[in-house]
$ cat start15.txt   # compact mmCIF, C-alpha atoms (C1' of nucleotides)
# COMPACT_ATOMS: atom_id res chain seq x y z
CA MET A 211 0.00 0.00 0.00
CA SER A 212 2.81 2.43 0.76
CA ILE A 213 4.34 2.34 -2.69
CA LYS A 214 1.07 2.66 -4.51
CA HIS A 215 0.20 5.79 -2.58
CA GLY A 216 3.77 7.02 -2.63
CA LEU A 217 3.77 7.06 -6.41
CA LEU A 218 0.39 8.78 -6.41
CA ALA A 219 1.77 11.46 -4.12
CA LEU A 220 4.72 12.11 -6.41
CA LEU A 221 2.45 12.25 -9.44
CA GLN A 222 0.32 14.91 -7.82
CA ASP A 223 3.25 17.24 -8.42
CA GLY A 224 2.94 16.69 -12.17
CA PRO A 225 3.31 13.96 -14.80
CA LYS A 226 6.32 11.73 -14.31
CA TYR A 227 7.80 8.55 -15.76
CA GLY A 228 8.92 5.33 -14.13
CA TYR A 229 12.61 5.88 -13.57
CA GLN A 230 11.97 9.41 -12.40
CA LEU A 231 9.43 8.18 -9.86
CA ARG A 232 11.90 5.78 -8.34
CA GLY A 233 14.51 8.53 -8.17
CA GLU A 234 12.18 10.96 -6.44
CA PHE A 235 10.84 8.33 -4.08
CA GLU A 236 14.35 7.45 -2.97
CA ALA A 237 15.31 11.10 -2.73
CA ALA A 238 12.38 11.70 -0.39
CA THR A 239 13.00 8.68 1.83
CA GLY A 240 16.78 8.75 1.67
CA ALA A 241 16.98 5.44 -0.13
CA THR A 242 16.23 3.86 3.22
CA TRP A 243 14.03 1.32 1.52
CA PRO A 244 15.43 0.92 -1.99
CA LEU A 245 12.61 0.77 -4.47
CA ASN A 246 12.90 -1.85 -7.18
CA ILE A 247 12.38 -0.37 -10.61
CA GLY A 248 10.40 -3.39 -11.79
CA GLN A 249 7.82 -2.77 -9.11
CA VAL A 250 7.41 0.83 -10.17
CA TYR A 251 6.22 -0.31 -13.57
CA THR A 252 3.92 -3.06 -12.30
CA THR A 253 2.46 -0.67 -9.74
CA LEU A 254 1.89 1.97 -12.41
CA THR A 255 0.12 -0.62 -14.56
CA ARG A 256 -2.15 -1.53 -11.65
CA LEU A 257 -2.81 2.12 -10.82
CA GLU A 258 -3.78 2.69 -14.43
CA ARG A 259 -6.02 -0.38 -14.39
CA ASP A 260 -7.76 1.04 -11.30
CA GLY A 261 -8.19 4.44 -12.92
CA LEU A 262 -5.96 6.28 -10.43
CA VAL A 263 -3.42 7.32 -13.05
CA ARG A 264 -3.46 7.53 -16.84
CA ALA A 265 -0.82 7.65 -19.53
CA ALA A 266 0.01 11.27 -20.29
CA SER A 267 -0.11 11.40 -24.06
CA HIS A 268 1.55 14.80 -24.62
CA GLU A 269 5.15 15.71 -23.78
CA GLY A 270 6.76 12.32 -23.47
CA ASP A 271 10.18 13.05 -24.98
CA GLY A 272 10.50 9.35 -25.65
CA ARG A 273 9.47 8.27 -22.14
CA SER A 274 6.16 6.88 -20.89
CA MET A 275 4.72 9.60 -18.73
CA TYR A 276 1.89 9.04 -16.28
CA GLU A 277 -0.41 11.58 -14.69
CA ILE A 278 -2.74 11.33 -11.73
CA THR A 279 -6.50 11.31 -12.33
CA ASP A 280 -9.26 12.85 -10.24
CA ALA A 281 -9.98 9.45 -8.73
CA GLY A 282 -6.29 9.23 -7.91
CA ARG A 283 -6.34 12.62 -6.19
CA THR A 284 -9.33 11.51 -4.13
CA GLU A 285 -7.60 8.31 -3.16
CA LEU A 286 -4.43 10.18 -2.24
CA ALA A 287 -6.32 12.67 -0.09
CA LYS A 288 -7.93 9.74 1.71
CA TRP A 289 -4.50 8.26 2.36
CA PHE A 290 -3.19 11.46 3.92
CA GLU A 291 -6.35 11.86 5.97
CA THR A 292 -6.41 8.35 7.39
CA PRO A 293 -3.94 7.63 10.21
CA VAL A 294 -1.85 4.47 10.12
CA THR A 295 -3.39 2.16 12.71
CA ARG A 296 -1.78 -0.63 14.70
CA GLU A 297 -4.03 -3.15 13.00
CA SER A 298 -3.03 -2.08 9.53
CA ARG A 299 0.63 -2.78 10.29
CA PRO A 300 2.33 -6.03 9.38
CA ARG A 301 3.11 -8.55 12.10
CA ASP A 302 6.11 -7.63 14.20
CA GLU A 303 8.53 -10.46 13.58
CA LEU A 304 10.63 -9.71 16.65
CA ALA A 305 7.64 -9.77 19.00
CA ILE A 306 6.48 -13.05 17.49
CA LYS A 307 9.93 -14.53 17.80
CA LEU A 308 10.24 -13.71 21.48
CA ALA A 309 6.67 -14.76 22.25
CA LEU A 310 7.25 -18.14 20.68
CA ALA A 311 10.69 -18.52 22.21
CA LEU A 312 8.87 -18.23 25.52
CA ALA A 313 6.00 -20.49 24.51
CA VAL A 314 8.01 -23.48 23.36
CA PRO A 315 10.50 -25.32 25.55
CA GLY A 316 14.17 -25.71 24.74
CA VAL A 317 14.85 -22.17 23.58
CA ASP A 318 17.39 -20.00 25.36
CA VAL A 319 15.30 -16.86 25.46
CA SER A 320 17.94 -14.77 27.22
CA ALA A 321 20.43 -15.55 24.48
CA VAL A 322 17.93 -14.50 21.83
CA VAL A 323 17.25 -11.24 23.68
CA GLN A 324 20.93 -10.51 24.14
CA ARG A 325 21.84 -11.17 20.54
CA GLN A 326 19.00 -8.97 19.39
CA ARG A 327 20.00 -6.22 21.78
CA MET A 328 23.54 -6.29 20.45
CA SER A 329 22.34 -6.09 16.88
CA THR A 330 19.86 -3.29 17.56
CA MET A 331 22.48 -1.28 19.45
CA GLN A 332 24.76 -1.57 16.49
CA SER A 333 22.21 -0.36 13.97
CA LEU A 334 21.33 2.44 16.36
CA GLN A 335 24.93 3.59 16.28
CA GLU A 336 24.97 3.30 12.53
CA LEU A 337 21.79 5.38 12.32
CA THR A 338 23.19 8.03 14.62
CA ARG A 339 26.29 8.24 12.45
CA LEU A 340 24.12 8.54 9.35
CA LYS A 341 22.10 11.30 10.94
CA ARG A 342 25.18 13.26 11.90
CA ASN A 343 26.75 12.94 8.45
CA SER A 344 23.56 13.94 6.70
CA ALA A 345 22.90 17.05 8.76
CA GLN A 346 21.48 19.98 6.80
CA GLY A 347 20.42 17.49 4.14
CA GLU A 348 16.83 16.98 3.13
CA ILE A 349 14.38 17.43 5.95
CA SER A 350 12.17 14.57 4.81
CA TRP A 351 14.75 11.85 5.00
CA GLN A 352 16.21 13.38 8.12
CA LEU A 353 12.86 12.57 9.67
CA VAL A 354 12.89 9.06 8.24
CA ILE A 355 16.24 8.37 9.89
CA GLU A 356 14.96 9.74 13.15
CA SER A 357 11.90 7.55 12.89
CA MET A 358 14.19 4.55 12.79
CA ILE A 359 16.28 5.89 15.63
CA PHE A 360 13.23 6.32 17.82
CA GLY A 361 12.12 2.83 16.87
CA ALA A 362 15.48 1.29 17.67
CA GLU A 363 15.61 3.04 21.03
CA ALA A 364 12.16 1.77 21.90
CA GLU A 365 13.23 -1.71 20.88
CA ILE A 366 16.21 -1.63 23.21
CA ARG A 367 14.05 -0.40 26.07
CA TRP A 368 11.63 -3.22 25.33
CA LEU A 369 14.39 -5.81 25.24
CA ASP A 370 15.66 -4.61 28.63
CA HIS A 371 12.13 -4.86 29.92
CA CYS A 372 11.93 -8.40 28.57
CA GLU A 373 15.09 -9.42 30.39
CA ALA A 374 13.76 -8.00 33.62
CA MET A 375 10.52 -9.92 33.14
CA LEU A 376 12.46 -13.08 32.43
CA LEU A 377 14.43 -12.78 35.65
CA ARG A 378 11.30 -12.10 37.65
CA HIS A 379 9.52 -15.13 36.23
CA ARG A 380 12.49 -17.48 36.41
CA GLY A 381 11.01 -20.42 38.28
CA THR A 382 7.80 -18.66 39.18
CA GLN A 383 6.14 -19.64 35.94
CA ARG A 384 7.81 -22.48 34.11
CA ALA A 385 6.92 -23.12 30.45
CA GLU A 386 3.17 -22.97 31.28
CA PRO A 387 1.97 -24.99 28.28
CA GLN A 388 -1.21 -22.92 27.83
CA ASN A 389 -1.52 -25.13 24.83
CA TYR A 390 -4.91 -24.68 23.18
CA GLN A 391 -7.09 -27.40 24.62
CA VAL A 392 -7.25 -30.16 22.04
CA PRO A 393 -10.87 -31.26 21.80
CA ASP A 394 -11.47 -34.97 22.31
CA GLN A 395 -12.77 -36.83 19.35
CA GLN A 396 -14.13 -40.32 19.67
CA GLU A 397 -12.45 -42.65 17.21
CA ALA A 398 -14.53 -41.17 14.47
CA ARG A 399 -12.58 -42.49 11.49
CA SER A 400 -14.36 -45.01 9.29
CA MET B 18 8.55 -15.31 7.26
CA SER B 19 7.18 -14.92 10.79
CA ILE B 20 4.38 -17.40 10.35
CA LYS B 21 6.50 -20.01 8.68
CA HIS B 22 8.97 -19.99 11.53
CA GLY B 23 6.25 -19.56 14.11
CA LEU B 24 4.64 -22.80 13.04
CA LEU B 25 8.02 -24.52 13.03
CA ALA B 26 8.60 -23.35 16.59
CA LEU B 27 5.27 -24.75 17.75
CA LEU B 28 5.96 -28.03 15.98
CA GLN B 29 9.24 -28.43 17.83
CA ASP B 30 7.14 -29.14 20.91
CA GLY B 31 5.63 -32.19 19.18
CA PRO B 32 3.40 -33.14 16.24
CA LYS B 33 0.39 -30.90 15.80
CA TYR B 34 -2.42 -30.32 13.30
CA GLY B 35 -3.60 -27.19 11.53
CA TYR B 36 -6.35 -25.92 13.76
CA GLN B 37 -4.28 -26.63 16.83
CA LEU B 38 -1.37 -24.64 15.43
CA ARG B 39 -3.53 -21.61 14.90
CA GLY B 40 -4.88 -21.93 18.43
CA GLU B 41 -1.45 -22.17 19.99
CA PHE B 42 -0.04 -19.38 17.85
CA GLU B 43 -2.81 -17.05 18.94
CA ALA B 44 -2.48 -18.18 22.54
CA ALA B 45 1.20 -17.26 22.47
CA THR B 46 0.76 -13.87 20.82
CA GLY B 47 -2.52 -12.96 22.48
CA ALA B 48 -4.40 -13.00 19.21
CA THR B 49 -2.79 -9.65 18.52
CA TRP B 50 -2.38 -10.60 14.90
CA PRO B 51 -5.20 -13.02 14.13
CA LEU B 52 -3.90 -15.88 12.06
CA ASN B 53 -6.06 -16.97 9.17
CA ILE B 54 -6.67 -20.69 9.21
CA GLY B 55 -6.35 -20.94 5.46
CA GLN B 56 -2.83 -19.65 5.62
CA VAL B 57 -1.89 -22.25 8.19
CA TYR B 58 -2.65 -24.99 5.69
CA THR B 59 -0.93 -23.34 2.74
CA THR B 60 2.10 -22.61 4.90
CA LEU B 61 2.20 -26.21 6.12
CA THR B 62 2.05 -27.39 2.51
CA ARG B 63 4.99 -25.16 1.61
CA LEU B 64 6.95 -26.25 4.66
CA GLU B 65 6.38 -29.85 3.66
CA ARG B 66 7.43 -29.09 0.09
CA ASP B 67 10.66 -27.57 1.44
CA GLY B 68 11.32 -30.57 3.69
CA LEU B 69 11.01 -28.64 6.97
CA VAL B 70 8.01 -30.62 8.17
CA ARG B 71 6.47 -33.95 7.22
CA ALA B 72 3.07 -35.55 7.68
CA ALA B 73 3.09 -37.56 10.90
CA SER B 74 1.61 -40.87 9.83
CA HIS B 75 0.90 -42.40 13.25
CA GLU B 76 -1.57 -41.15 15.86
CA GLY B 77 -3.75 -38.88 13.81
CA ASP B 78 -7.12 -39.49 15.46
CA GLY B 79 -8.73 -38.36 12.26
CA ARG B 80 -6.67 -35.18 11.93
CA SER B 81 -3.70 -34.43 9.67
CA MET B 82 -0.76 -34.18 11.98
CA TYR B 83 2.56 -32.62 11.01
CA GLU B 84 5.95 -33.05 12.63
CA ILE B 85 9.14 -31.08 12.27
CA THR B 86 12.10 -32.63 10.44
CA ASP B 87 15.80 -32.29 11.18
CA ALA B 88 16.09 -29.71 8.41
CA GLY B 89 13.22 -27.88 10.08
CA ARG B 90 14.98 -27.91 13.44
CA THR B 91 18.11 -26.53 11.81
CA GLU B 92 16.13 -23.78 10.11
CA LEU B 93 14.35 -22.93 13.34
CA ALA B 94 17.61 -22.73 15.29
CA LYS B 95 18.93 -20.38 12.63
CA TRP B 96 15.83 -18.20 13.04
CA PHE B 97 16.32 -17.89 16.78
CA GLU B 98 20.03 -17.21 16.36
CA THR B 99 19.68 -14.49 13.76
CA PRO B 100 18.57 -11.05 15.03
CA VAL B 101 15.87 -9.16 13.21
CA THR B 102 17.62 -6.38 11.34
CA ARG B 103 16.32 -3.00 10.23
CA GLU B 104 16.80 -4.01 6.61
CA SER B 105 14.73 -7.15 6.94
CA ARG B 106 11.74 -5.17 8.14
CA PRO B 107 8.95 -4.05 5.85
CA ARG B 108 8.73 -0.42 4.83
CA ASP B 109 7.34 1.85 7.52
CA GLU B 110 4.21 3.26 5.96
CA LEU B 111 3.94 6.15 8.40
CA ALA B 112 7.49 7.32 7.74
CA ILE B 113 6.91 7.12 4.01
CA LYS B 114 3.67 9.02 4.32
CA LEU B 115 5.23 11.90 6.23
CA ALA B 116 8.31 11.99 4.03
CA LEU B 117 6.17 12.29 0.93
CA ALA B 118 3.79 14.75 2.53
CA LEU B 119 6.85 16.93 2.96
CA ALA B 120 8.23 16.22 -0.48
CA VAL B 121 5.16 17.13 -2.52
CA PRO B 122 3.46 20.52 -2.36
CA GLY B 123 -0.12 21.05 -1.35
CA VAL B 124 -0.23 18.70 1.63
CA ASP B 125 -1.02 20.02 5.10
CA VAL B 126 1.72 18.12 6.90
CA SER B 127 0.81 19.46 10.33
CA ALA B 128 -2.72 18.18 9.95
CA VAL B 129 -1.42 14.75 9.00
CA VAL B 130 0.87 14.70 12.01
CA GLN B 131 -1.86 15.83 14.37
CA ARG B 132 -4.39 13.30 13.14
CA GLN B 133 -1.80 10.56 13.44
CA ARG B 134 -0.85 11.69 16.93
CA MET B 135 -4.48 11.58 18.02
CA SER B 136 -4.93 8.11 16.63
CA THR B 137 -1.72 6.76 18.13
CA MET B 138 -2.57 8.24 21.54
CA GLN B 139 -5.89 6.49 21.40
CA SER B 140 -4.45 3.08 20.61
CA LEU B 141 -1.87 3.66 23.31
CA GLN B 142 -4.66 4.12 25.83
CA GLU B 143 -6.39 1.04 24.51
CA LEU B 144 -3.18 -0.95 24.85
CA THR B 145 -2.62 0.26 28.39
CA ARG B 146 -6.15 -0.79 29.27
CA LEU B 147 -5.54 -4.20 27.70
CA LYS B 148 -2.33 -4.63 29.64
CA ARG B 149 -3.99 -3.77 32.92
CA ASN B 150 -6.92 -6.12 32.33
CA SER B 151 -4.66 -8.96 31.30
CA ALA B 152 -2.32 -8.75 34.26
CA GLN B 153 -1.11 -12.12 35.60
CA GLY B 154 -2.07 -13.61 32.23
CA GLU B 155 0.41 -15.28 29.95
CA ILE B 156 3.84 -13.76 30.10
CA SER B 157 4.43 -14.11 26.34
CA TRP B 158 1.51 -12.04 25.21
CA GLN B 159 2.05 -9.61 28.05
CA LEU B 160 5.37 -8.90 26.35
CA VAL B 161 3.72 -8.59 22.95
CA ILE B 162 1.38 -5.92 24.29
CA GLU B 163 4.29 -4.09 25.86
CA SER B 164 6.15 -4.24 22.57
CA MET B 165 3.29 -2.38 20.98
CA ILE B 166 3.12 0.09 23.87
CA PHE B 167 6.80 0.88 23.55
CA GLY B 168 6.34 1.27 19.81
CA ALA B 169 3.37 3.60 20.19
CA GLU B 170 5.21 5.74 22.72
CA ALA B 171 8.17 6.04 20.39
CA GLU B 172 5.84 7.00 17.59
CA ILE B 173 4.31 9.81 19.62
CA ARG B 174 7.74 11.11 20.58
CA TRP B 175 8.69 11.02 16.92
CA LEU B 176 5.55 12.86 15.87
CA ASP B 177 6.27 15.57 18.43
CA HIS B 178 9.77 15.78 17.07
CA CYS B 179 8.34 16.12 13.56
CA GLU B 180 6.15 19.01 14.60
CA ALA B 181 9.10 20.77 16.17
CA MET B 182 11.11 20.26 12.99
CA LEU B 183 8.23 21.61 10.93
CA LEU B 184 8.04 24.77 12.98
CA ARG B 185 11.77 25.30 12.79
CA HIS B 186 11.81 24.88 9.03
CA ARG B 187 8.69 26.94 8.36
CA GLY B 188 9.91 29.38 5.74
CA THR B 189 13.56 28.45 6.10
CA GLN B 190 13.28 25.64 3.62
CA ARG B 191 10.27 25.79 1.36
CA ALA B 192 9.27 22.69 -0.59
CA GLU B 193 12.86 22.25 -1.87
CA PRO B 194 11.99 20.21 -4.92
CA GLN B 195 15.13 18.05 -4.71
CA ASN B 196 13.46 16.34 -7.56
CA TYR B 197 15.80 13.80 -9.16
CA GLN B 198 17.50 15.60 -11.99
CA VAL B 199 15.74 14.57 -15.16
CA PRO B 200 18.42 13.83 -17.74
CA ASP B 201 18.07 15.69 -21.02
CA GLN B 202 17.38 13.58 -24.02
CA GLN B 203 17.55 15.03 -27.49
CA GLU B 204 14.35 14.38 -29.39
CA ALA B 205 15.27 10.76 -29.72
CA ARG B 206 11.91 9.55 -31.01
CA SER B 207 11.80 8.19 -34.57
C1' DC C 90 34.13 0.58 -29.38
C1' DG C 91 32.89 -0.91 -24.89
C1' DA C 92 31.16 -0.04 -20.44
C1' DC C 93 27.79 2.04 -17.92
C1' DA C 94 23.66 4.49 -16.74
C1' DC C 95 19.04 5.28 -18.42
C1' DA C 96 14.60 3.34 -19.56
C1' DT C 97 10.73 -0.03 -20.04
C1' DG C 98 9.00 -3.95 -19.48
C1' DT C 99 7.89 -9.35 -18.31
C1' DA C 100 8.03 -13.81 -15.79
C1' DA C 101 8.35 -16.49 -11.87
C1' DC C 102 7.89 -16.84 -7.31
C1' DA C 103 6.80 -15.98 -2.14
C1' DC C 104 3.72 -14.43 1.12
C1' DG C 105 -0.59 -12.83 2.82
C1' DT C 106 -5.77 -12.05 2.77
C1' DT C 107 -10.49 -13.14 1.71
C1' DA C 108 -13.84 -16.02 0.41
C1' DC C 109 -15.77 -20.30 -0.66
C1' DA C 110 -16.68 -25.49 -0.35
C1' DT C 111 -17.14 -29.44 2.32
C1' DG C 112 -17.72 -32.32 5.94
C1' DA C 113 -17.76 -34.12 11.08
C1' DT C 114 -18.83 -33.27 15.83
C1' DT C 115 -21.03 -31.01 19.64
C1' DT C 116 -24.68 -28.86 21.93
C1' DG C 117 -29.07 -26.49 22.86
C1' DC D 226 -33.07 -31.23 14.38
C1' DA D 227 -30.58 -26.89 13.85
C1' DA D 228 -26.82 -24.07 14.75
C1' DA D 229 -22.21 -23.50 16.09
C1' DT D 230 -17.68 -25.13 16.30
C1' DC D 231 -14.04 -28.02 14.62
C1' DA D 232 -11.35 -29.36 10.73
C1' DT D 233 -9.23 -29.41 6.05
C1' DG D 234 -8.70 -27.68 2.13
C1' DT D 235 -8.81 -24.61 -2.59
C1' DA D 236 -9.17 -20.44 -5.59
C1' DA D 237 -8.54 -15.79 -6.58
C1' DC D 238 -6.34 -11.79 -5.78
C1' DG D 239 -2.95 -8.08 -4.03
C1' DT D 240 1.55 -6.95 -3.05
C1' DG D 241 6.44 -7.45 -3.10
C1' DT D 242 11.04 -9.52 -4.66
C1' DT D 243 14.34 -11.27 -7.97
C1' DA D 244 15.85 -12.06 -12.27
C1' DC D 245 15.85 -11.64 -17.05
C1' DA D 246 15.35 -9.40 -21.75
C1' DT D 247 15.78 -5.48 -24.54
C1' DG D 248 17.03 -1.23 -26.21
C1' DT D 249 18.96 3.79 -26.14
C1' DG D 250 22.18 7.37 -24.76
C1' DT D 251 26.58 8.94 -22.88
C1' DC D 252 31.33 9.02 -22.06
C1' DG D 253 36.10 7.55 -21.77

$ encode --input "start15.txt" --output "structure tokens"
Amino acid sequence: MSIKHGLLALLQDGPKYGYQLRGEFEAATGATWPLNIGQVYTTLTRLERDGLVRAASHEGDGRSMYEITDAGRTELAKWFETPVTRESRPRDELAIKLALALAVPGVDVSAVVQRQRMSTMQSLQELTRLKRNSAQGEISWQLVIESMIFGAEAEIRWLDHCEAMLLRHRGTQRAEPQNYQVPDQQEARS
Amino acid sequence: MSIKHGLLALLQDGPKYGYQLRGEFEAATGATWPLNIGQVYTTLTRLERDGLVRAASHEGDGRSMYEITDAGRTELAKWFETPVTRESRPRDELAIKLALALAVPGVDVSAVVQRQRMSTMQSLQELTRLKRNSAQGEISWQLVIESMIFGAEAEIRWLDHCEAMLLRHRGTQRAEPQNYQVPDQQEARS
DNA sequence: CGACACATGTAACACGTTACATGATTTG
DNA sequence: CAAATCATGTAACGTGTTACATGTGTCG
């Protein structure tokens, strides 16, 4: 969903073509999430199919220009108006990993937490370095970096919290199967 | 990737069947991310295709049981050993939205930020309520809730930071196209 | 000329969601 | 019996990734 609307947003500034859209998208987000050029074209095709963009006939200069339609502008406005909710976000792989490490026996949860903490600390340092080096650069991707910094910091705080919880529950609550009660079933097979 | 490995983790505890796997997955994560039953079966099929699980012939009681293979155990161990990196995460839609709201003209960025802040505050309250009501429940999904709380708090801090940045740059740096230099191309069309 | 960036696509695949079909079992 | 729950699938679709094919323009 992000790319679809991202391209729409860039097209609101005027007709653009595929390569240009990738360039501007990466300029705006600091190439934090490199955008595959192939996907730009497939996404444009789908946007055109859905009537949110159309091929701009005039002024191509040899390139395939696209322009946003009224339906596209409406859709884009809706995107900017609607907040990103928790539910709309993808599953958090780290949370799932730790939850399951706790749920199944034979996993050294502390080791998992510590390795993750190390890794997150390292990327936090890397991000801080990036931020420093990119000072007075674009404001938009400055904010993107800071978004990741805030996220990484929260993650470290959470990991510390997890370790504290682990220590507190060491022995108090062992494994605790909690295993989804398997319903009995009386020999039903033919 | 999370679900695939999640199912593997649950299967390490012993042979299970589809419905049971969904139940245990949701028990471990507090049904925070409801797991579609259809996907459990397709994922199991793929895991079997890749040799990470196999159908457990014996003791089915009328259900299709699956068990983890050695290759599956290896893969699972690798999952727990490898930290979740920033790069492996999906694009952050909120960051992209704000970055593009800044990059293209005609978007009321402050309004976007304020709406988002309102929404995030609300889900933060909801999460806090959930946490309180679920006290002394399962430790694993207690941690999942707290993961989301920490994330929401970080998001609010970031949004505040964004507003401060916006105020500071009001007028200083207007729009700043920064628009991916379009290469000239001399009338190349036939 | 040859290498490289620009430019546009297509194909195959992985993952996820929704919806549908089909039965067996349990329970009011 | 009827409805709900348990249980296993399949089909269609959306989105994203990787890789490949193909051609033009620029520059050393």

$ interface_residues --input "start15.txt" --of "chain D" --to "chain B" --cutoff "9 Å" --atoms "all atoms listed in the file" --output "ChimeraX atom specification"
/D:231-234,249-250

$ residues_around --input "start15.txt" --residues "region 240-248 of chain D" --least-positions-apart "4" --cutoff "9 Å" --atoms "all atoms listed in the file" --output "MDAnalysis selection string"
(chainID A and resid 211 246 249) or (chainID C and resid 96:105)

$ residues_around --input "start15.txt" --residues "DA237 (chain D)" --least-positions-apart "4" --cutoff "12 Å" --atoms "all atoms listed in the file" --output "PyMOL selection string"
chain C and resi 106-109

$ residues_around --input "start15.txt" --residues "Gly216 (chain A)" --least-positions-apart "4" --cutoff "9 Å" --atoms "all atoms listed in the file" --output "PyMOL selection string"
(chain A and resi 211-212+220-221+235+286) or (chain B and resi 113-114+117)

$ write_last_selection --input "start15.txt" --atoms "C-alpha atoms" --output "CSV table (one decimal), in the frame of the given file"
chain,number,residue,atom,x,y,z
A,211,MET,CA,0.0,0.0,0.0
A,212,SER,CA,2.8,2.4,0.8
A,220,LEU,CA,4.7,12.1,-6.4
A,221,LEU,CA,2.4,12.2,-9.4
A,235,PHE,CA,10.8,8.3,-4.1
A,286,LEU,CA,-4.4,10.2,-2.2
B,113,ILE,CA,6.9,7.1,4.0
B,114,LYS,CA,3.7,9.0,4.3
B,117,LEU,CA,6.2,12.3,0.9

$ atom_distance --input "start15.txt" --atom1 "CA of Thr137 (chain B)" --atom2 "CA of Val294 (chain A)"
8.3 Å

$ atom_distance --input "start15.txt" --atom1 "CA of Ile156 (chain B)" --atom2 "CA of Val323 (chain A)"
15.1 Å

$ atom_distance --input "start15.txt" --atom1 "CA of His186 (chain B)" --atom2 "CA of Glu365 (chain A)"
29.1 Å

$ residues_around --input "start15.txt" --residues "Trp175 (chain B)" --least-positions-apart "3" --cutoff "10 Å" --atoms "all atoms listed in the file" --output "list in words"
Leu353, Val354, Glu356, Ser357, Met358, Ile359, Phe360 and Gly361 of chain A; Ala112, Val130, Arg134, Ala169, Glu170, Ala171, Glu172, His178, Cys179, Glu180 and Ala181 of chain B

$ closest_residue --input "start15.txt" --among "A:Arg296, A:Arg256, A:Arg339, A:Lys226" --to "Lys214 (chain A)" --atoms "only C-alpha atoms"
A:Arg256

$ residues_around --input "start15.txt" --residues "region 236-238 of chain A" --least-positions-apart "6" --cutoff "10 Å" --atoms "only C-alpha atoms (C1' of nucleotides)" --output "list in words"
Leu220, Gln230, Pro244, Leu245, Glu348, Ile349, Ser350, Trp351, Gln352 and Val354 of chain A; Ile113, Leu115, Ala116, Leu117, Ala118, Leu119, Ala120, Val121, Pro194, Gln195, Asn196 and Tyr197 of chain B

$ closest_residue --input "start15.txt" --among "B:Ala72, B:Lys95, B:Thr60, B:Asp87" --to "chain C" --atoms "only C-alpha atoms (C1' of nucleotides)"
B:Thr60
